[in-house]
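Notes follow the structure.
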2 protein chains.
Amino acid sequence: MDVKTSRERYRAQVRAEIKRYAWEQLGTTGVSALSLNAIAKHVGMSGPALYRYFPSRDDLITELVRDAYRSLADVVRAAAGSGGVAEVAYAIREWALADPQRYLFVYGTPIPGYRAPGDTTEISNEIMADLLRVHAAAPGDGRVTALDGHVEGHREWAGGVPASSAVLRRAVTFWTRVHGVLSLELAGHFAGMGFDPAVLFAAELDDLSTEDGSR
Amino acid sequence: MDVKTSRERYRAQVRAEIKRYAWEQLGTTGVSALSLNAIAKHVGMSGPALYRYFPSRDDLITELVRDAYRSLADVVRAAAGSGGVAEVAYAIREWALADPQRYLFVYGTPIPGYRAPGDTTEISNEIMADLLRVHAAAPGDGRVTALDGHVEGHREWAGGVPASSAVLRRAVTFWTRVHGVLSLELAGHFAGMGFDPAVLFAAELDDLSTEDGSR
DNA sequence: TTGCGATAGTTAGAAGGTGTAACTTCACTC
DNA sequence: GAGTGAAGTTACACCTTCTAACTATCGCAA
């Protein structure tokens with residue numbers, strides 16, 4: 001039953017409100033400026049009351065990271081269900097651009113003392129699984145590279161997804177290249193260089209699908 | 001003349017000592033945990049005395065960022081002078097692995113309220129220039145992609161370096177791919193996946209040099 | 001050598017952060 | 001209606017950056 005007592009409903013509502021404003025603050029100021037005091041004041045309670053809802057700042061951050069991962073996993077899954085590699089790539093890009101801090105929150109510089117709980121790596125595996133599936137469905141290239149042999153020997157991260165070593169290689173490469181362009185773009189390192197990161201992103205995507213197959 | 005008065009020599013020495021310990025702290029705890037108080041205590045002075053040497057925490061960070069950029073620029077320049085694209089790539093990788101926080105410090109999630117001063121983008125341009133030079137010297141591929149035309153129209157970031165549009169494209173792609181693998185590796189996102197990031201890095205490097213030229 | 005001025009350091013304290021302890025108030029249940 | 005537990009309060013400890021005011025010291029110059 002997910003029918004709740006009114007106390008529980010209220011509690012869930014306040015927790016959601018806290019997280020909602022936490023995201024707002026995160027989007028504008030970044031994680032290091034996330035202040036429980038400021039959130040509490042905004043939600044209408046004073047300081048320590050917030051600790052009834054989240055045991056510590058790290059616990060709040062953990063929950064936000066989990067939500068971000070979950071959101072990305074859902075986006076990837078939806079895109080993988082209805083489209084191919086390119087659709088997944090653009091879905092990820094749109095998700096990242098919609099809230100740059102959220103992307104950097106998950107894939108950026110790790111938070112100093114913070115250790116990701118087990119279930120976030122579980123969600124991360126979920127994303128990798130969808131990446132593998134969508135690459136397995138795409139036309140493969142005929143290549144066998146040194147990387148193929150290496151990942152073949154370390155495929156435990158693929159979980160139960162059936163995937164050739166070439167698919168493993170292509171999925172990982174997809175990930176690193178998409179992240180390479182996206183993270184530099186979101187961190188502002190292309191600013192002032194003039195060109196449009198979208199074109200660069202499209203070019204990488206084009207290379208991913210044609211570099212080996214079209215020879 | 002760079003002969004200094006004894007006061008100036010002392011001052012430079014204390015500043016260096018402060019920065020030295022700041023790097024130490026940065027390497028272990030990351031930037032957000034960088035504490036002026038802790039540094040001051042370690043250097044043997046108490047709290048506010050440190051403000052005689054750095055006007056604010058941000059100013060110290062700015063100087064550290066500048067040093068990091070400078071260090072990377074020197075490494076890239078040296079590698080570009082004596083080697084080719086691969087040598088530069090491995091030089092960058094070694095520089096990053098030697099102090100992961102230092103790499104993430106410059107290319108990771110931007111620090112919230114912090115804005116990079118003009119001369120860091122100058123050093124950044126210096127690095128890009130060396131990247132362009134080493135790619136111009138490398139055998140080109142015969143390709144003309146959509147990205148070529150686009151960067152050709154926005155080549156102001158290339159400064160005075162003579163480079164064909166294909167070289168511009170290849171240099172930017174080099175950058176994003178190297179960063180893609182490195183940043184995920186340094187942030188620990190490959191941890192638990194089993195494979196060796198070095199092999200992935202080598203594979204990307206191999207693709208960069210052969211994907212188009214060897215068809 | 002004596003004395004002055006700039007510099008380096010000190011302590012005190014404001015403003016704001018996380019987090020704990022103790023207390024009150026309120027709502028729901030028996 | 002009484003009691004119990006959750007929710008919120010204030011007060012406080014301890015940390016942070018950073019300013020203000022004061023002292024001591026160092027170097028130079030008359």
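In the structure tokens, chains take letters A, B, ... by order of appearance, with residues numbered from 1 within each chain and ligands from 1 in the order shown.
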Within 9 Å of chain B, which residues of chain A show up when using only C-alpha atoms, listed as a PyMOL selection string? chain A and resi 28-33+101+104-105+107-113+145-147+150-151+153-158+169+172-173+175-184+186-189+192-196+199-200+202-204+207+211-212+214-215
Excluding stretch 28-30 of chain D and residues on its chain fewer than 3 positions from it, collect all residues at most 12 Å away from it, counting only C-alpha atoms (C1' of nucleotides), and give them as JSON, numbers by chain. {"B": [5], "C": [1, 2, 3, 4, 5, 6]}
Near chain A, meaning an atom within 8 Å, which residues of chain C appear when counting only C-alpha atoms (C1' of nucleotides)? Write them as number ranges by chain. C: 17-19
Skipping near chain neighbours, those fewer than 2 positions away, what residues fall within 12 Å of C:DC30 using only C-alpha atoms (C1' of nucleotides), listed as a list in words? DC28 of chain C; DG1, DA2, DG3 and DT4 of chain D
Pull out every residue of chain D that has at least one atom within 8 Å of chain B, counting only C-alpha atoms (C1' of nucleotides), and report them as a PyMOL selection string. chain D and resi 16-18
Save out the residues we just selected, N, CA and C atoms (P, O5', C5', C4', C3', O3' and C1' of nucleotides), as a PDB file, in the first residue's frame.
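After the write, again37.pdb holds the following:
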```pdb
ATOM      1  P    DT D  16      38.629  25.788  10.068  1.00  0.00           P
ATOM      2  O5'  DT D  16      37.845  26.759   9.077  1.00  0.00           O
ATOM      3  C5'  DT D  16      37.283  26.260   7.861  1.00  0.00           C
ATOM      4  C4'  DT D  16      36.398  27.318   7.234  1.00  0.00           C
ATOM      5  C3'  DT D  16      37.093  28.620   6.899  1.00  0.00           C
ATOM      6  O3'  DT D  16      37.753  28.509   5.670  1.00  0.00           O
ATOM      7  C1'  DT D  16      34.947  29.014   7.899  1.00  0.00           C
ATOM      8  P    DT D  17      38.970  29.482   5.332  1.00  0.00           P
ATOM      9  O5'  DT D  17      38.233  30.846   4.933  1.00  0.00           O
ATOM     10  C5'  DT D  17      37.313  30.853   3.847  1.00  0.00           C
ATOM     11  C4'  DT D  17      36.613  32.196   3.786  1.00  0.00           C
ATOM     12  C3'  DT D  17      37.528  33.367   3.449  1.00  0.00           C
ATOM     13  O3'  DT D  17      36.858  34.223   2.535  1.00  0.00           O
ATOM     14  C1'  DT D  17      36.399  33.788   5.488  1.00  0.00           C
ATOM     15  P    DC D  18      37.804  35.222   1.692  1.00  0.00           P
ATOM     16  O5'  DC D  18      37.838  36.483   2.669  1.00  0.00           O
ATOM     17  C5'  DC D  18      36.590  37.093   3.017  1.00  0.00           C
ATOM     18  C4'  DC D  18      36.792  38.039   4.179  1.00  0.00           C
ATOM     19  C3'  DC D  18      38.003  38.977   4.079  1.00  0.00           C
ATOM     20  O3'  DC D  18      37.520  40.300   3.826  1.00  0.00           O
ATOM     21  C1'  DC D  18      37.648  38.161   6.280  1.00  0.00           C
TER      22       DC D  18
END
```
Least-squares superpose chain B onto chain A - every C-alpha atom, paired in order - and show me the moved coordinates as a compact mmCIF listing (two decimals) with C-alpha atoms, in the first residue's frame.
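Final file, result-v7.txt:
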```txt
# COMPACT_ATOMS: atom_id res chain seq x y z
CA MET B 1 0.04 0.06 -0.35
CA ASP B 2 1.36 3.50 -0.97
CA VAL B 3 -1.43 5.16 0.89
CA LYS B 4 0.20 7.15 3.67
CA THR B 5 -0.86 8.70 6.88
CA SER B 6 -1.24 12.45 6.80
CA ARG B 7 2.01 12.83 8.74
CA GLU B 8 3.84 10.83 6.12
CA ARG B 9 2.27 12.79 3.31
CA TYR B 10 3.29 16.04 4.94
CA ARG B 11 6.79 14.79 5.49
CA ALA B 12 7.15 13.69 1.87
CA GLN B 13 5.86 17.05 0.73
CA VAL B 14 8.34 18.99 2.85
CA ARG B 15 11.20 16.76 1.69
CA ALA B 16 10.20 17.39 -1.90
CA GLU B 17 10.02 21.12 -1.30
CA ILE B 18 13.50 21.05 0.25
CA LYS B 19 14.90 19.14 -2.68
CA ARG B 20 13.14 21.36 -5.14
CA TYR B 21 14.80 24.45 -3.74
CA ALA B 22 18.09 22.61 -3.35
CA TRP B 23 18.09 21.96 -7.09
CA GLU B 24 17.29 25.57 -7.71
CA GLN B 25 20.24 26.66 -5.60
CA LEU B 26 22.43 24.00 -7.17
CA GLY B 27 21.65 25.20 -10.66
CA THR B 28 22.69 28.74 -9.94
CA THR B 29 25.53 28.45 -7.46
CA GLY B 30 26.92 24.95 -7.75
CA VAL B 31 27.23 22.30 -5.13
CA SER B 32 29.82 23.86 -2.85
CA ALA B 33 27.55 26.82 -2.17
CA LEU B 34 24.59 24.61 -1.29
CA SER B 35 23.57 25.87 2.13
CA LEU B 36 21.16 24.02 4.37
CA ASN B 37 20.53 27.21 6.28
CA ALA B 38 19.53 29.09 3.15
CA ILE B 39 17.28 26.24 2.09
CA ALA B 40 15.67 26.07 5.51
CA LYS B 41 15.04 29.77 5.55
CA HIS B 42 13.50 29.60 2.10
CA VAL B 43 11.23 26.71 3.03
CA GLY B 44 10.09 28.70 6.03
CA MET B 45 11.78 26.93 8.86
CA SER B 46 14.85 27.87 10.78
CA GLY B 47 18.14 26.08 10.46
CA PRO B 48 18.27 22.88 12.43
CA ALA B 49 14.68 21.93 11.66
CA LEU B 50 15.90 20.73 8.31
CA TYR B 51 17.85 17.99 10.04
CA ARG B 52 14.56 16.28 10.81
CA TYR B 53 14.33 15.62 7.08
CA PHE B 54 17.94 15.02 6.11
CA PRO B 55 20.46 13.73 8.64
CA SER B 56 23.27 15.77 7.14
CA ARG B 57 24.32 17.85 4.20
CA ASP B 58 25.96 14.82 2.62
CA ASP B 59 22.76 12.84 2.88
CA LEU B 60 20.88 15.55 1.05
CA ILE B 61 23.57 15.61 -1.61
CA THR B 62 23.44 11.83 -1.87
CA GLU B 63 19.73 11.99 -2.49
CA LEU B 64 20.16 14.70 -5.10
CA VAL B 65 22.85 12.67 -6.85
CA ARG B 66 20.59 9.65 -6.82
CA ASP B 67 17.74 11.67 -8.32
CA ALA B 68 20.02 13.07 -11.00
CA TYR B 69 21.28 9.60 -11.92
CA ARG B 70 17.76 8.29 -11.92
CA SER B 71 16.61 11.10 -14.15
CA LEU B 72 19.43 10.51 -16.62
CA ALA B 73 18.85 6.77 -16.60
CA ASP B 74 15.19 7.32 -17.44
CA VAL B 75 16.05 9.69 -20.25
CA VAL B 76 18.57 7.25 -21.70
CA ARG B 77 16.18 4.35 -21.40
CA ALA B 78 13.41 6.23 -23.14
CA ALA B 79 15.69 7.32 -25.95
CA ALA B 80 17.14 3.85 -26.33
CA GLY B 81 13.67 2.39 -26.48
CA SER B 82 12.46 4.55 -29.31
CA GLY B 83 15.63 5.38 -31.15
CA GLY B 84 19.22 4.51 -31.92
CA VAL B 85 22.65 5.67 -30.87
CA ALA B 86 22.18 9.19 -32.17
CA GLU B 87 18.88 9.64 -30.37
CA VAL B 88 20.48 8.54 -27.11
CA ALA B 89 23.35 10.95 -27.62
CA TYR B 90 21.08 13.89 -28.26
CA ALA B 91 18.88 12.92 -25.34
CA ILE B 92 21.91 12.99 -23.07
CA ARG B 93 23.00 16.31 -24.48
CA GLU B 94 19.61 17.87 -24.00
CA TRP B 95 19.44 16.53 -20.47
CA ALA B 96 22.84 18.04 -19.73
CA LEU B 97 22.11 21.42 -21.29
CA ALA B 98 18.79 21.64 -19.47
CA ASP B 99 20.70 21.81 -16.20
CA PRO B 100 24.48 21.96 -16.60
CA GLN B 101 25.14 21.80 -12.88
CA ARG B 102 23.14 18.60 -12.68
CA TYR B 103 25.35 16.95 -15.29
CA LEU B 104 28.53 18.19 -13.67
CA PHE B 105 27.06 17.09 -10.37
CA VAL B 106 27.21 13.46 -11.46
CA TYR B 107 30.00 13.40 -14.03
CA GLY B 108 32.14 16.31 -12.94
CA THR B 109 34.77 16.70 -10.27
CA PRO B 110 33.93 14.34 -7.43
CA ILE B 111 32.81 15.98 -4.21
CA PRO B 112 35.73 15.90 -1.75
CA GLY B 113 34.81 13.81 1.25
CA TYR B 114 31.80 12.34 -0.41
CA ARG B 115 31.47 8.68 -1.38
CA ALA B 116 28.71 7.56 -3.69
CA PRO B 117 26.43 4.96 -2.12
CA GLY B 118 26.00 1.58 -3.74
CA ASP B 119 22.72 2.20 -5.48
CA THR B 120 24.07 5.07 -7.54
CA THR B 121 26.61 2.77 -9.14
CA GLU B 122 23.67 0.46 -9.70
CA ILE B 123 21.87 3.16 -11.65
CA SER B 124 25.13 3.90 -13.43
CA ASN B 125 25.26 0.26 -14.49
CA GLU B 126 21.70 0.58 -15.70
CA ILE B 127 22.75 3.42 -17.97
CA MET B 128 25.71 1.41 -19.24
CA ALA B 129 23.39 -1.51 -19.94
CA ASP B 130 21.14 0.65 -22.11
CA LEU B 131 24.17 2.03 -23.86
CA LEU B 132 25.27 -1.52 -24.60
CA ARG B 133 21.84 -2.53 -25.85
CA VAL B 134 21.50 0.38 -28.21
CA HIS B 135 24.98 -0.27 -29.57
CA ALA B 136 24.29 -3.95 -29.97
CA ALA B 137 21.28 -3.06 -32.07
CA ALA B 138 23.27 -0.67 -34.24
CA PRO B 139 25.19 -1.91 -37.28
CA GLY B 140 28.62 -2.94 -36.09
CA ASP B 141 31.93 -2.15 -37.63
CA GLY B 142 34.14 -4.98 -38.79
CA ARG B 143 37.05 -3.84 -36.70
CA VAL B 144 38.81 -5.78 -34.01
CA THR B 145 41.04 -3.45 -32.03
CA ALA B 146 43.38 -3.93 -29.11
CA LEU B 147 40.71 -2.41 -26.90
CA ASP B 148 38.27 -5.15 -27.94
CA GLY B 149 40.48 -7.85 -26.52
CA HIS B 150 41.08 -5.91 -23.35
CA VAL B 151 37.45 -5.15 -22.52
CA GLU B 152 36.55 -8.70 -23.44
CA GLY B 153 38.65 -9.80 -20.49
CA HIS B 154 36.88 -7.34 -18.18
CA ARG B 155 33.26 -7.56 -19.10
CA GLU B 156 31.81 -8.00 -15.64
CA TRP B 157 30.60 -4.39 -15.76
CA ALA B 158 28.39 -5.35 -18.69
CA GLY B 159 26.21 -7.30 -16.31
CA GLY B 160 23.91 -9.68 -18.03
CA VAL B 161 23.71 -7.75 -21.28
CA PRO B 162 24.83 -9.89 -24.19
CA ALA B 163 27.32 -7.82 -26.14
CA SER B 164 30.21 -8.61 -28.38
CA SER B 165 33.56 -7.17 -27.47
CA ALA B 166 33.19 -4.70 -30.32
CA VAL B 167 29.93 -3.51 -28.79
CA LEU B 168 31.63 -3.10 -25.43
CA ARG B 169 34.32 -1.05 -27.07
CA ARG B 170 31.91 1.10 -29.04
CA ALA B 171 29.72 1.79 -26.02
CA VAL B 172 32.64 2.89 -23.85
CA THR B 173 34.01 5.03 -26.65
CA PHE B 174 30.59 6.57 -27.13
CA TRP B 175 30.52 7.44 -23.47
CA THR B 176 33.95 9.04 -23.30
CA ARG B 177 33.48 11.05 -26.49
CA VAL B 178 30.06 12.33 -25.59
CA HIS B 179 31.36 13.23 -22.15
CA GLY B 180 34.48 14.83 -23.61
CA VAL B 181 32.53 17.36 -25.65
CA LEU B 182 29.74 17.85 -23.14
CA SER B 183 31.86 18.40 -20.06
CA LEU B 184 34.14 20.92 -21.76
CA GLU B 185 31.12 22.71 -23.15
CA LEU B 186 29.29 22.82 -19.83
CA ALA B 187 32.39 23.92 -17.96
CA GLY B 188 32.63 26.83 -20.36
CA HIS B 189 35.95 25.89 -21.93
CA PHE B 190 34.67 26.54 -25.43
CA ALA B 191 33.49 29.99 -24.48
CA GLY B 192 35.34 32.63 -26.41
CA MET B 193 36.48 30.17 -29.04
CA GLY B 194 33.65 31.13 -31.31
CA PHE B 195 32.53 27.81 -32.72
CA ASP B 196 29.30 26.07 -31.86
CA PRO B 197 29.71 23.06 -29.54
CA ALA B 198 26.62 21.52 -31.15
CA VAL B 199 28.49 21.15 -34.42
CA LEU B 200 31.40 19.55 -32.63
CA PHE B 201 29.01 17.20 -30.87
CA ALA B 202 27.39 16.26 -34.17
CA ALA B 203 30.79 15.67 -35.72
CA GLU B 204 31.80 13.31 -32.95
CA LEU B 205 28.54 11.47 -33.30
CA ASP B 206 29.10 11.21 -37.02
CA ASP B 207 32.58 9.83 -36.48
CA LEU B 208 31.24 7.29 -34.02
CA SER B 209 28.83 5.85 -36.55
CA THR B 210 30.89 6.09 -39.71
CA GLU B 211 34.55 6.15 -38.87
CA ASP B 212 35.04 2.43 -39.10
CA GLY B 213 31.95 1.20 -40.89
CA SER B 214 32.27 3.31 -43.99
CA ARG B 215 35.76 2.53 -45.05
```
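Distance-wise, atom C1' of D:DC15 and atom C1' of C:DT10 end up 20.6 Å apart.
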Would you mind reading off the distance between atom C1' of C:DT20 and atom C1' of D:DC12, one decimal, in Å? 8.5 Å
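The space between atom C1' of D:DG8 and atom C1' of C:DA15 spans 24.4 Å.
Close contacts of C:DC23, defined as residues with an atom at most 12 Å away when counting only C-alpha atoms (C1' of nucleotides), with chain neighbours fewer than 5 positions off set aside, comprise D:DG8, D:DT9, D:DT10, D:DA11.
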Filtering to C-alpha atoms (C1' of nucleotides), could you give me those residues as a PDB file, in the first residue's frame?
```pdb
ATOM      1  C1'  DG D   8       9.812  23.025  15.214  1.00  0.00           C
ATOM      2  C1'  DT D   9      12.072  26.379  18.209  1.00  0.00           C
ATOM      3  C1'  DT D  10      16.277  28.752  20.453  1.00  0.00           C
ATOM      4  C1'  DA D  11      20.929  28.372  22.239  1.00  0.00           C
TER       5       DA D  11
END
```
I need the residues of stretch 72-153 of chain A that end up classed as helix (DSSP H, G or I) by DSSP on the backbone, written out as a PyMOL selection string. chain A and resi 72-82+85-98+100-107+118-137+146-152
